[in-house]
>>> print(open('start-v3.cif').read())   # mmCIF, C-alpha atoms and all ligand atoms
data_data
#
loop_
_atom_site.label_atom_id
_atom_site.label_comp_id
_atom_site.auth_asym_id
_atom_site.auth_seq_id
_atom_site.Cartn_x
_atom_site.Cartn_y
_atom_site.Cartn_z
CA MET A 1 -43.43 2.07 28.68
CA ASP A 2 -40.82 -0.68 28.21
CA ASP A 3 -37.97 -0.62 25.66
CA SER A 4 -39.78 -2.60 22.99
CA GLN A 5 -42.84 -0.33 23.17
CA GLN A 6 -40.59 2.72 22.92
CA LEU A 7 -38.86 1.21 19.89
CA GLN A 8 -42.21 0.49 18.28
CA GLN A 9 -43.31 4.10 18.78
CA VAL A 10 -40.16 5.58 17.27
CA ARG A 11 -40.39 3.17 14.33
CA ALA A 12 -44.00 4.18 13.72
CA ARG A 13 -42.84 7.82 13.45
CA ILE A 14 -40.08 6.78 11.03
CA ASP A 15 -42.65 4.90 8.91
CA ALA A 16 -44.89 7.96 8.79
CA LEU A 17 -41.96 10.18 7.75
CA ASP A 18 -40.86 7.67 5.10
CA GLU A 19 -44.34 7.81 3.61
CA GLN A 20 -44.19 11.61 3.49
CA ILE A 21 -40.67 11.59 2.00
CA GLN A 22 -41.79 9.11 -0.67
CA ARG A 23 -44.85 11.17 -1.56
CA LEU A 24 -42.75 14.35 -1.76
CA LEU A 25 -40.10 12.64 -3.91
CA ASN A 26 -42.73 11.59 -6.43
CA GLU A 27 -44.22 15.08 -6.38
CA ARG A 28 -40.73 16.45 -7.07
CA ALA A 29 -40.16 13.93 -9.88
CA GLU A 30 -43.44 15.04 -11.49
CA LEU A 31 -42.26 18.69 -11.41
CA ALA A 32 -38.85 17.76 -12.84
CA ARG A 33 -40.71 15.99 -15.63
CA GLN A 34 -42.63 19.21 -16.30
CA THR A 35 -39.37 21.21 -16.54
CA ALA A 36 -38.17 18.67 -19.12
CA GLN A 37 -41.36 19.08 -21.17
CA ILE A 38 -41.06 22.88 -21.05
CA LYS A 39 -37.40 22.71 -22.18
CA GLN A 40 -38.20 20.31 -24.99
CA ALA A 41 -41.17 22.38 -26.20
CA ALA A 42 -38.90 25.45 -26.24
CA GLY A 43 -36.22 23.56 -28.18
CA LEU A 44 -33.67 24.15 -25.40
CA GLY A 45 -31.10 21.51 -26.21
CA GLU A 46 -31.39 17.81 -26.86
CA ASN A 47 -30.98 16.73 -23.24
CA CYS A 48 -32.32 18.20 -20.02
CA PHE A 49 -29.20 18.06 -17.85
CA ARG A 50 -28.44 21.51 -16.44
CA PRO A 51 -25.09 21.62 -14.60
CA GLU A 52 -25.57 25.16 -13.27
CA ARG A 53 -29.02 24.40 -11.83
CA GLU A 54 -27.77 21.20 -10.17
CA ALA A 55 -24.78 23.04 -8.65
CA GLU A 56 -27.10 25.78 -7.29
CA ILE A 57 -29.44 23.17 -5.74
CA LEU A 58 -26.56 21.25 -4.12
CA ARG A 59 -24.97 24.43 -2.72
CA ARG A 60 -28.31 25.46 -1.23
CA VAL A 61 -28.78 22.00 0.32
CA ILE A 62 -25.38 22.29 2.03
CA ALA A 63 -25.91 25.90 3.15
CA ARG A 64 -29.29 25.32 4.82
CA ASN A 65 -28.55 21.91 6.33
CA PRO A 66 -28.99 21.87 10.14
CA GLY A 67 -27.73 18.25 10.70
CA PRO A 68 -27.36 15.73 12.26
CA LEU A 69 -26.66 14.46 8.69
CA SER A 70 -23.63 16.32 7.30
CA GLY A 71 -24.05 18.81 4.46
CA GLN A 72 -21.96 16.60 2.15
CA GLU A 73 -24.04 13.53 2.99
CA MET A 74 -27.26 15.43 2.38
CA ALA A 75 -25.91 16.77 -0.93
CA ARG A 76 -25.06 13.22 -2.01
CA LEU A 77 -28.68 12.18 -1.34
CA PHE A 78 -29.99 15.12 -3.38
CA ARG A 79 -27.47 14.27 -6.11
CA GLU A 80 -29.16 10.86 -6.43
CA ILE A 81 -32.66 12.36 -6.30
CA MET A 82 -31.87 14.68 -9.23
CA SER A 83 -30.23 11.83 -11.11
CA ALA A 84 -33.37 9.69 -10.75
CA CYS A 85 -35.66 12.60 -11.71
CA LEU A 86 -33.63 13.31 -14.85
CA ALA A 87 -33.59 9.64 -15.84
CA LEU A 88 -37.41 9.72 -16.11
CA GLU A 89 -36.91 11.67 -19.33
CA THR A 90 -33.47 11.15 -20.81
CA PRO A 91 -31.23 8.56 -19.23
CA LEU A 92 -27.86 10.17 -19.91
CA MET A 93 -25.09 8.11 -21.51
CA ILE A 94 -21.72 8.89 -19.92
CA ALA A 95 -18.46 7.69 -21.49
CA TYR A 96 -15.56 7.36 -19.07
CA LEU A 97 -12.01 6.10 -18.91
CA GLY A 98 -12.52 2.42 -18.09
CA PRO A 99 -12.51 -0.44 -17.61
CA GLU A 100 -15.19 -0.81 -14.94
CA GLY A 101 -13.88 -0.04 -11.47
CA THR A 102 -11.61 2.92 -12.35
CA PHE A 103 -11.58 6.10 -10.30
CA THR A 104 -12.95 7.81 -13.41
CA GLU A 105 -16.06 5.63 -13.13
CA ALA A 106 -16.37 6.68 -9.48
CA ALA A 107 -15.98 10.33 -10.55
CA ALA A 108 -18.67 9.95 -13.23
CA LEU A 109 -21.15 8.49 -10.73
CA LYS A 110 -20.26 11.11 -8.14
CA HIS A 111 -21.06 13.85 -10.64
CA PHE A 112 -24.13 12.42 -12.40
CA GLY A 113 -25.55 10.04 -9.74
CA HIS A 114 -26.32 6.37 -10.29
CA SER A 115 -29.34 6.69 -12.63
CA VAL A 116 -27.21 7.31 -15.73
CA LYS A 117 -25.98 4.74 -18.22
CA THR A 118 -22.20 4.45 -18.41
CA ARG A 119 -19.84 3.25 -21.11
CA PRO A 120 -16.23 2.38 -20.23
CA LEU A 121 -13.68 3.17 -22.97
CA ILE A 122 -10.02 2.31 -22.87
CA ALA A 123 -8.39 5.53 -24.08
CA ILE A 124 -8.90 9.23 -23.42
CA ASP A 125 -9.12 10.12 -27.14
CA GLU A 126 -11.91 7.54 -27.59
CA ILE A 127 -13.98 9.35 -24.97
CA PHE A 128 -13.59 12.63 -26.82
CA ARG A 129 -14.54 10.93 -30.10
CA GLU A 130 -17.61 9.23 -28.64
CA VAL A 131 -18.95 12.52 -27.23
CA GLU A 132 -18.12 14.40 -30.45
CA ALA A 133 -20.03 11.75 -32.43
CA GLY A 134 -23.03 12.14 -30.09
CA THR A 135 -23.10 8.49 -29.02
CA ALA A 136 -22.50 9.62 -25.44
CA HIS A 137 -24.02 12.80 -23.96
CA TYR A 138 -20.97 13.55 -21.81
CA GLY A 139 -17.53 12.16 -21.11
CA VAL A 140 -15.48 12.09 -17.91
CA VAL A 141 -11.68 12.25 -18.09
CA PRO A 142 -8.94 12.74 -15.46
CA VAL A 143 -7.03 16.01 -15.79
CA GLU A 144 -4.73 16.37 -12.78
CA ASN A 145 -3.63 14.67 -9.60
CA SER A 146 -2.54 16.54 -6.48
CA THR A 147 0.63 14.42 -6.16
CA GLU A 148 1.59 13.68 -9.76
CA GLY A 149 0.35 16.72 -11.70
CA ALA A 150 -1.22 16.92 -15.15
CA VAL A 151 -2.76 14.11 -17.20
CA THR A 152 -1.15 15.21 -20.45
CA HIS A 153 -3.28 12.98 -22.76
CA THR A 154 -6.35 14.91 -21.66
CA LEU A 155 -4.75 18.34 -22.09
CA ASP A 156 -3.52 17.46 -25.58
CA GLN A 157 -7.01 16.40 -26.69
CA PHE A 158 -8.33 19.88 -25.96
CA LEU A 159 -5.95 21.27 -28.60
CA ILE A 160 -7.86 19.43 -31.32
CA SER A 161 -11.35 18.81 -29.93
CA PRO A 162 -14.36 21.12 -30.36
CA LEU A 163 -15.86 19.89 -27.05
CA GLN A 164 -16.51 22.15 -24.07
CA ILE A 165 -15.80 21.59 -20.39
CA CYS A 166 -19.20 21.33 -18.64
CA GLY A 167 -18.09 20.47 -15.13
CA GLU A 168 -15.35 19.31 -12.78
CA VAL A 169 -15.23 16.54 -10.19
CA GLU A 170 -12.79 16.16 -7.33
CA LEU A 171 -12.22 12.72 -5.87
CA ARG A 172 -10.09 11.67 -2.88
CA ILE A 173 -7.99 8.77 -4.10
CA HIS A 174 -7.32 5.82 -1.83
CA HIS A 175 -5.10 3.05 -3.19
CA HIS A 176 -5.14 -0.51 -1.88
CA LEU A 177 -2.80 -3.42 -2.49
CA LEU A 178 -4.99 -6.21 -3.88
CA SER A 179 -4.17 -9.83 -4.60
CA ARG A 180 -5.47 -13.38 -4.91
CA ASN A 181 -2.66 -14.36 -2.55
CA LYS A 182 -2.96 -13.98 1.20
CA ALA A 183 0.45 -12.59 2.19
CA LEU A 184 2.79 -9.85 0.95
CA THR A 185 5.65 -12.34 0.93
CA GLU A 186 3.91 -14.36 -1.84
CA VAL A 187 3.84 -11.35 -4.18
CA SER A 188 6.67 -10.97 -6.72
CA ARG A 189 4.97 -8.91 -9.46
CA LEU A 190 2.94 -5.74 -9.09
CA TYR A 191 0.62 -4.13 -11.66
CA ALA A 192 -0.71 -0.57 -11.55
CA HIS A 193 -1.09 2.54 -13.68
CA GLN A 194 2.16 4.51 -13.98
CA GLN A 195 0.77 7.46 -11.97
CA THR A 196 -0.43 5.15 -9.22
CA LEU A 197 3.01 3.52 -8.91
CA ALA A 198 4.41 7.03 -8.52
CA GLN A 199 1.77 7.98 -5.92
CA CYS A 200 2.68 4.95 -3.77
CA ARG A 201 6.46 4.97 -4.35
CA GLU A 202 7.54 5.44 -0.73
CA TRP A 203 5.20 2.75 0.58
CA LEU A 204 6.36 0.31 -2.12
CA ASP A 205 10.04 1.02 -1.38
CA ALA A 206 9.41 0.31 2.29
CA HIS A 207 7.19 -2.81 1.94
CA LEU A 208 7.69 -4.35 -1.52
CA ALA A 209 11.22 -3.28 -2.46
CA GLY A 210 12.14 -6.45 -4.35
CA CYS A 211 8.90 -6.75 -6.28
CA GLU A 212 8.83 -6.11 -10.05
CA ARG A 213 6.63 -3.06 -10.82
CA ILE A 214 4.78 -3.33 -14.12
CA PRO A 215 2.88 -0.27 -15.45
CA VAL A 216 -0.44 -1.02 -17.19
CA GLY A 217 -3.20 1.11 -18.79
CA SER A 218 -5.38 1.47 -15.70
CA ASN A 219 -5.63 0.26 -12.11
CA ALA A 220 -8.78 -1.68 -13.01
CA GLU A 221 -6.79 -3.51 -15.71
CA ALA A 222 -4.13 -4.18 -13.04
CA ALA A 223 -6.82 -5.65 -10.76
CA ARG A 224 -8.17 -7.80 -13.60
CA ARG A 225 -4.68 -9.24 -14.18
CA ALA A 226 -4.13 -9.81 -10.45
CA GLY A 227 -7.39 -11.77 -10.45
CA ASN A 228 -6.05 -14.10 -13.14
CA GLU A 229 -2.47 -14.59 -11.99
CA SER A 230 -1.02 -16.08 -8.84
CA GLY A 231 1.99 -14.45 -7.15
CA CYS A 232 1.05 -10.99 -8.25
CA ALA A 233 -0.78 -7.97 -6.87
CA ALA A 234 -2.40 -4.80 -8.15
CA ILE A 235 -2.83 -1.33 -6.74
CA ALA A 236 -6.45 -0.36 -7.24
CA SER A 237 -9.65 0.90 -5.61
CA ASP A 238 -12.02 -0.85 -3.25
CA ARG A 239 -14.58 -1.03 -6.10
CA ALA A 240 -12.00 -2.89 -8.25
CA ARG A 241 -11.41 -5.27 -5.32
CA GLU A 242 -15.16 -6.08 -5.32
CA ILE A 243 -15.41 -6.47 -9.09
CA TYR A 244 -12.37 -8.74 -9.47
CA GLY A 245 -12.85 -10.71 -6.22
CA LEU A 246 -9.49 -9.83 -4.64
CA GLN A 247 -8.40 -9.32 -1.08
CA ALA A 248 -6.74 -6.22 0.34
CA LEU A 249 -3.25 -7.02 1.65
CA ALA A 250 -2.83 -3.36 2.65
CA THR A 251 -5.16 -0.36 2.50
CA ASN A 252 -4.59 3.38 1.87
CA ILE A 253 -1.01 2.95 0.67
CA GLU A 254 -0.84 6.34 -1.10
CA ASP A 255 2.12 8.44 0.10
CA GLU A 256 0.10 11.66 0.36
CA PRO A 257 -2.92 11.33 2.66
CA GLY A 258 -4.72 14.17 0.81
CA ASN A 259 -4.19 12.53 -2.61
CA THR A 260 -6.95 13.93 -4.84
CA THR A 261 -7.64 13.67 -8.57
CA ARG A 262 -9.55 16.25 -10.54
CA PHE A 263 -11.70 15.12 -13.48
CA LEU A 264 -13.40 17.12 -16.23
CA VAL A 265 -16.84 16.58 -17.67
CA ILE A 266 -16.80 17.18 -21.43
CA GLY A 267 -19.77 17.76 -23.70
CA SER A 268 -21.09 19.99 -26.44
CA GLN A 269 -23.19 22.18 -24.14
CA ALA A 270 -22.27 25.75 -23.14
CA VAL A 271 -23.10 26.08 -19.43
CA VAL A 272 -24.68 29.32 -18.15
CA PRO A 273 -23.42 30.97 -14.93
CA SER A 274 -24.17 29.23 -11.61
CA GLY A 275 -22.80 31.96 -9.35
CA ASN A 276 -19.57 30.12 -8.50
CA ASP A 277 -17.79 29.09 -11.68
CA LYS A 278 -14.45 28.52 -13.31
CA THR A 279 -13.33 29.17 -16.87
CA SER A 280 -10.67 27.16 -18.71
CA LEU A 281 -8.76 28.45 -21.72
CA LEU A 282 -5.85 27.69 -23.96
CA LEU A 283 -3.41 30.43 -24.94
CA SER A 284 -0.25 30.73 -26.97
CA GLY A 285 1.90 33.32 -28.66
CA PRO A 286 5.20 33.53 -30.53
CA ASN A 287 8.17 32.65 -28.32
CA ARG A 288 9.70 35.91 -27.00
CA SER A 289 10.80 37.33 -23.67
CA GLY A 290 7.92 38.39 -21.46
CA LEU A 291 5.30 36.45 -23.45
CA LEU A 292 3.76 34.65 -20.48
CA TYR A 293 3.89 37.83 -18.39
CA ASP A 294 2.02 39.73 -21.12
CA LEU A 295 -0.52 36.95 -21.54
CA LEU A 296 -1.29 36.91 -17.82
CA ARG A 297 -1.47 40.68 -17.37
CA PRO A 298 -5.08 41.15 -18.53
CA LEU A 299 -6.12 38.65 -15.85
CA ALA A 300 -4.27 40.54 -13.11
CA ASP A 301 -5.52 43.91 -14.42
CA ASN A 302 -9.09 42.67 -14.08
CA GLU A 303 -8.47 41.13 -10.62
CA ILE A 304 -9.14 37.63 -11.87
CA SER A 305 -7.67 34.84 -9.81
CA MET A 306 -5.87 32.10 -11.73
CA THR A 307 -6.31 28.66 -10.18
CA ARG A 308 -4.08 26.71 -12.56
CA LEU A 309 -1.41 27.13 -15.21
CA GLU A 310 0.03 24.26 -17.24
CA SER A 311 2.19 24.38 -20.34
CA ARG A 312 2.37 21.80 -23.14
CA PRO A 313 4.27 21.66 -26.44
CA SER A 314 2.16 23.35 -29.13
CA ARG A 315 2.84 20.50 -31.62
CA ARG A 316 3.07 23.14 -34.34
CA LYS A 317 6.56 24.54 -33.91
CA LEU A 318 9.64 23.32 -32.05
CA TRP A 319 9.89 24.81 -28.52
CA GLU A 320 6.61 26.67 -28.86
CA TYR A 321 4.15 26.11 -26.04
CA VAL A 322 0.46 26.43 -25.30
CA PHE A 323 -0.71 27.42 -21.84
CA PHE A 324 -3.73 25.81 -20.19
CA ILE A 325 -5.20 28.31 -17.77
CA ASP A 326 -8.07 28.00 -15.27
CA VAL A 327 -9.48 31.18 -13.76
CA GLU A 328 -12.21 31.93 -11.26
CA GLY A 329 -15.47 33.23 -12.73
CA HIS A 330 -17.66 32.66 -15.77
CA MET A 331 -16.82 33.97 -19.25
CA GLU A 332 -20.06 35.99 -19.10
CA ASP A 333 -18.95 37.79 -15.88
CA PRO A 334 -18.02 41.36 -16.89
CA LYS A 335 -14.43 41.23 -15.56
CA VAL A 336 -13.70 37.86 -17.14
CA ALA A 337 -15.26 39.00 -20.42
CA THR A 338 -13.07 42.16 -20.45
CA ALA A 339 -9.90 40.15 -19.76
CA LEU A 340 -10.78 37.64 -22.48
CA ALA A 341 -11.40 40.40 -25.02
CA THR A 342 -7.92 41.87 -24.31
CA LEU A 343 -6.32 38.44 -24.47
CA LYS A 344 -7.92 37.79 -27.83
CA ASP A 345 -6.04 40.79 -29.23
CA GLN A 346 -2.72 39.87 -27.62
CA ALA A 347 -2.41 36.12 -28.04
CA SER A 348 -1.79 34.50 -31.40
CA PHE A 349 -4.07 31.67 -30.30
CA LEU A 350 -6.92 31.70 -27.78
CA LYS A 351 -9.40 28.90 -27.35
CA LEU A 352 -12.12 28.99 -24.70
CA LEU A 353 -12.59 25.51 -23.30
CA GLY A 354 -15.68 26.39 -21.29
CA SER A 355 -17.11 27.90 -18.12
CA TYR A 356 -18.56 25.49 -15.57
CA PRO A 357 -19.63 25.28 -11.91
CA ARG A 358 -16.93 24.62 -9.33
CA ALA A 359 -17.16 21.11 -7.88
CA VAL A 360 -19.73 21.10 -5.04
CA ILE A 361 -19.54 17.56 -3.62
O1 LIG B 401 -34.59 22.39 -13.23
C1 LIG B 401 -34.46 21.72 -14.26
O2 LIG B 401 -34.16 22.25 -15.36
C2 LIG B 401 -34.65 20.25 -14.22
O3 LIG B 401 -34.56 19.60 -15.22
C3 LIG B 401 -34.86 19.59 -12.90
C4 LIG B 401 -33.60 19.01 -12.32
C5 LIG B 401 -33.91 18.58 -10.85
O4 LIG B 401 -34.18 17.42 -10.60
O5 LIG B 401 -33.90 19.47 -10.00
C6 LIG B 401 -33.22 17.80 -13.10
C7 LIG B 401 -32.18 17.81 -13.98
C8 LIG B 401 -31.39 19.00 -14.28
O6 LIG B 401 -30.06 18.66 -14.51
C9 LIG B 401 -31.53 20.04 -13.25
C10 LIG B 401 -32.51 20.00 -12.34
#
>>> encode(input="start-v3.cif", output="structure tokens", more="lines below")
Ligand SMILES: O=C(O)C(=O)C[C@]1(C(=O)O)C=C[C@@H](O)C=C1
Amino acid sequence: MDDSQQLQQVRARIDALDEQIQRLLNERAELARQTAQIKQAAGLGENCFRPEREAEILRRVIARNPGPLSGQEMARLFREIMSACLALETPLMIAYLGPEGTFTEAAALKHFGHSVKTRPLIAIDEIFREVEAGTAHYGVVPVENSTEGAVTHTLDQFLISPLQICGEVELRIHHHLLSRNKALTEVSRLYAHQQTLAQCREWLDAHLAGCERIPVGSNAEAARRAGNESGCAAIASDRAREIYGLQALATNIEDEPGNTTRFLVIGSQAVVPSGNDKTSLLLSGPNRSGLLYDLLRPLADNEISMTRLESRPSRRKLWEYVFFIDVEGHMEDPKVATALATLKDQASFLKLLGSYPRAVI
């Protein structure tokens, strides 16, 4: 058998498999449609998205995957399959921190897949308002970056919003220097979000020391401006480069190679346990010595691991703080429930922001 015959044979097997995969996908979509009908008949919520079920499916895909495709790659494919199945019933509307081309958009699509509708909004409080009003099913907002720390606008919204956290997304952040111009030497002005300028400070000091750095609302906005103005550049994502027709004068200019941003999915749904969850809460008490120690003790007593602690001004009294705490486990897990009950007695203010599956992909 010559090479072309061999190729033909292998391709015939691929065609046969594709046919099977396609048939099975449609069979799966039909079953997903049935689950939606059952949920609707039982009055189980206005939309059919189930974060805990999706997280369980994706974890199982990764655990049983023999390769050669990687577990993460396979999970991404299943992410899209579930997204398409869900869209048969209720195409979800997701509000995110825009404009188009932001990392928050990438995080939203990573979490929900590409079969959702998305709405870019220009401020974090607008996203909360849109989801509260029910014009979007969920919102996606940045909450912390591994280099620069907390996104305080997001934390502050949780003080006043009734929304719950329904999920988290982690995204590796790669920053590129984008411009209409062809050489670094032609660039005298640089636009980027404040946090991005900070994340690339060392690279900028070494390669663009004399260039004016201008903070703007988002990296996508920076890219839009760089597309309109000569002699300037933006720091933004590869997606923004595509959207605004720019060229990359330098790629991956972030100072920390592991630079990662964590995003939260907000909605009005309480998520049931998935088997590997986190719980976020807000705590405060009157300013006195040992307050934080006392507030954290019930967690330690119940062997609950704290993954994050952030403090913000309470906005009620001068020098009084609220603590944002993330712990491992779901609020329905017995140990977490015991710790929360004790905390409720001890703290002057306790607000549960939600339990949700740990990021899978
Ligand atoms: O199992 C369900 O409840 C479904 O709706 C099916 C399905 C899926 O495609 O597997 C679809 C959407 C949900 O978010 C979770 C899972």
>>> closest_residue(input="start-v3.cif", among="A:Leu282, A:Ala300, A:Leu109, A:Arg308", to="Lys351 in chain A", atoms="all atoms listed in the file")
A:Leu282
>>> residues_near_ligand(input="start-v3.cif", ligand="ligand LIG 401 (chain B)", cutoff="10 Å", atoms="all atoms listed in the file", output="number ranges by chain")
A: 28-39, 47-58, 78-90, 112
>>> residues_around(input="start-v3.cif", residues="Tyr356 in chain A", least_positions_apart="4", cutoff="7 Å", atoms="only C-alpha atoms", output="PDB file with C-alpha atoms, in the coordinates of the input")
ATOM      1  CA  ILE A 165     -15.800  21.590 -20.390  1.00  0.00           C
ATOM      2  CA  CYS A 166     -19.200  21.330 -18.640  1.00  0.00           C
ATOM      3  CA  GLY A 167     -18.090  20.470 -15.130  1.00  0.00           C
ATOM      4  CA  VAL A 271     -23.100  26.080 -19.430  1.00  0.00           C
ATOM      5  CA  ASP A 277     -17.790  29.090 -11.680  1.00  0.00           C
ATOM      6  CA  LYS A 278     -14.450  28.520 -13.310  1.00  0.00           C
ATOM      7  CA  THR A 279     -13.330  29.170 -16.870  1.00  0.00           C
TER       8      THR A 279
END
>>> closest_residue(input="start-v3.cif", among="A:Glu221, A:Glu132, A:Asp333, A:Glu202", to="Pro162 in chain A", atoms="all atoms listed in the file")
A:Glu132
>>> residues_around(input="start-v3.cif", residues="range 337-346 of chain A", least_positions_apart="2", cutoff="9 Å", atoms="all atoms listed in the file", output="ChimeraX atom specification")
/A:283,285,294-302,304,330-335,348-350
>>> residues_around(input="start-v3.cif", residues="Gly245 in chain A", least_positions_apart="6", cutoff="9 Å", atoms="all atoms listed in the file", output="MDAnalysis selection string")
chainID A and resid 179:180 227
>>> residues_around(input="start-v3.cif", residues="range 315-320 of chain A", least_positions_apart="4", cutoff="9 Å", atoms="all atoms listed in the file", output="ChimeraX atom specification")
/A:284-287
>>> closest_residue(input="start-v3.cif", among="A:Asp2, A:Glu27, A:Glu328, A:Glu170", to="Asn259 in chain A", atoms="all atoms listed in the file")
A:Glu170
>>> atom_distance(input="start-v3.cif", atom1="CA of Leu184 in chain A", atom2="CA of Leu249 in chain A")
6.7 Å
>>> closest_atom_pairs(input="start-v3.cif", of="range 136-171 of chain A", to="range 93-108 of chain A", cutoff="7 Å", atoms="all atoms listed in the file", output="CSV")
residue,atom,partner,partner_atom,distance
A:Ala136,CA,A:Met93,CA,4.9
A:His137,CA,A:Met93,CA,5.4
A:Tyr138,CA,A:Ile94,CA,5.1
A:Gly139,CA,A:Ala95,CA,4.6
A:Val140,CA,A:Tyr96,CA,4.9
A:Val141,CA,A:Leu97,CA,6.2
A:Pro142,CA,A:Thr104,CA,6.7
A:Val169,CA,A:Ala107,CA,6.3
A:Leu171,CA,A:Ala107,CA,6.5
>>> atom_distance(input="start-v3.cif", atom1="CA of Asp156 in chain A", atom2="CA of Thr196 in chain A")
20.7 Å
>>> residues_around(input="start-v3.cif", residues="Ser280 in chain A", least_positions_apart="5", cutoff="7 Å", atoms="all atoms listed in the file", output="PDB file with C-alpha atoms, in the frame of the given file")
ATOM      1  CA  ILE A 325      -5.200  28.310 -17.770  1.00  0.00           C
ATOM      2  CA  ASP A 326      -8.070  28.000 -15.270  1.00  0.00           C
ATOM      3  CA  VAL A 327      -9.480  31.180 -13.760  1.00  0.00           C
ATOM      4  CA  LEU A 352     -12.120  28.990 -24.700  1.00  0.00           C
ATOM      5  CA  LEU A 353     -12.590  25.510 -23.300  1.00  0.00           C
ATOM      6  CA  GLY A 354     -15.680  26.390 -21.290  1.00  0.00           C
ATOM      7  CA  SER A 355     -17.110  27.900 -18.120  1.00  0.00           C
TER       8      SER A 355
END
>>> build_atoms(input="start-v3.cif", residues="range 94-105 of chain A", atoms="N, CA and C atoms", output="compact mmCIF listing (two decimals), in the coordinates of the input")
# COMPACT_ATOMS: atom_id res chain seq x y z
N ILE A 94 -22.99 8.27 -20.32
CA ILE A 94 -21.72 8.89 -19.92
C ILE A 94 -20.56 7.96 -20.29
N ALA A 95 -19.67 8.45 -21.14
CA ALA A 95 -18.46 7.69 -21.49
C ALA A 95 -17.36 8.05 -20.48
N TYR A 96 -16.63 7.06 -20.03
CA TYR A 96 -15.56 7.36 -19.07
C TYR A 96 -14.35 6.47 -19.33
N LEU A 97 -13.23 6.87 -18.74
CA LEU A 97 -12.01 6.10 -18.91
C LEU A 97 -12.10 4.82 -18.07
N GLY A 98 -12.31 3.70 -18.77
CA GLY A 98 -12.52 2.42 -18.09
C GLY A 98 -11.23 1.68 -17.92
N PRO A 99 -11.30 0.37 -17.70
CA PRO A 99 -12.51 -0.44 -17.61
C PRO A 99 -13.30 -0.17 -16.32
N GLU A 100 -14.37 -0.94 -16.14
CA GLU A 100 -15.19 -0.81 -14.94
C GLU A 100 -14.31 -0.84 -13.69
N GLY A 101 -14.63 0.01 -12.72
CA GLY A 101 -13.88 -0.04 -11.47
C GLY A 101 -12.79 1.02 -11.38
N THR A 102 -12.63 1.86 -12.42
CA THR A 102 -11.61 2.92 -12.35
C THR A 102 -12.12 4.07 -11.47
N PHE A 103 -11.18 4.91 -11.05
CA PHE A 103 -11.58 6.10 -10.30
C PHE A 103 -12.40 7.03 -11.20
N THR A 104 -12.15 6.96 -12.51
CA THR A 104 -12.95 7.81 -13.41
C THR A 104 -14.41 7.38 -13.39
N GLU A 105 -14.67 6.09 -13.26
CA GLU A 105 -16.06 5.63 -13.13
C GLU A 105 -16.66 6.20 -11.84
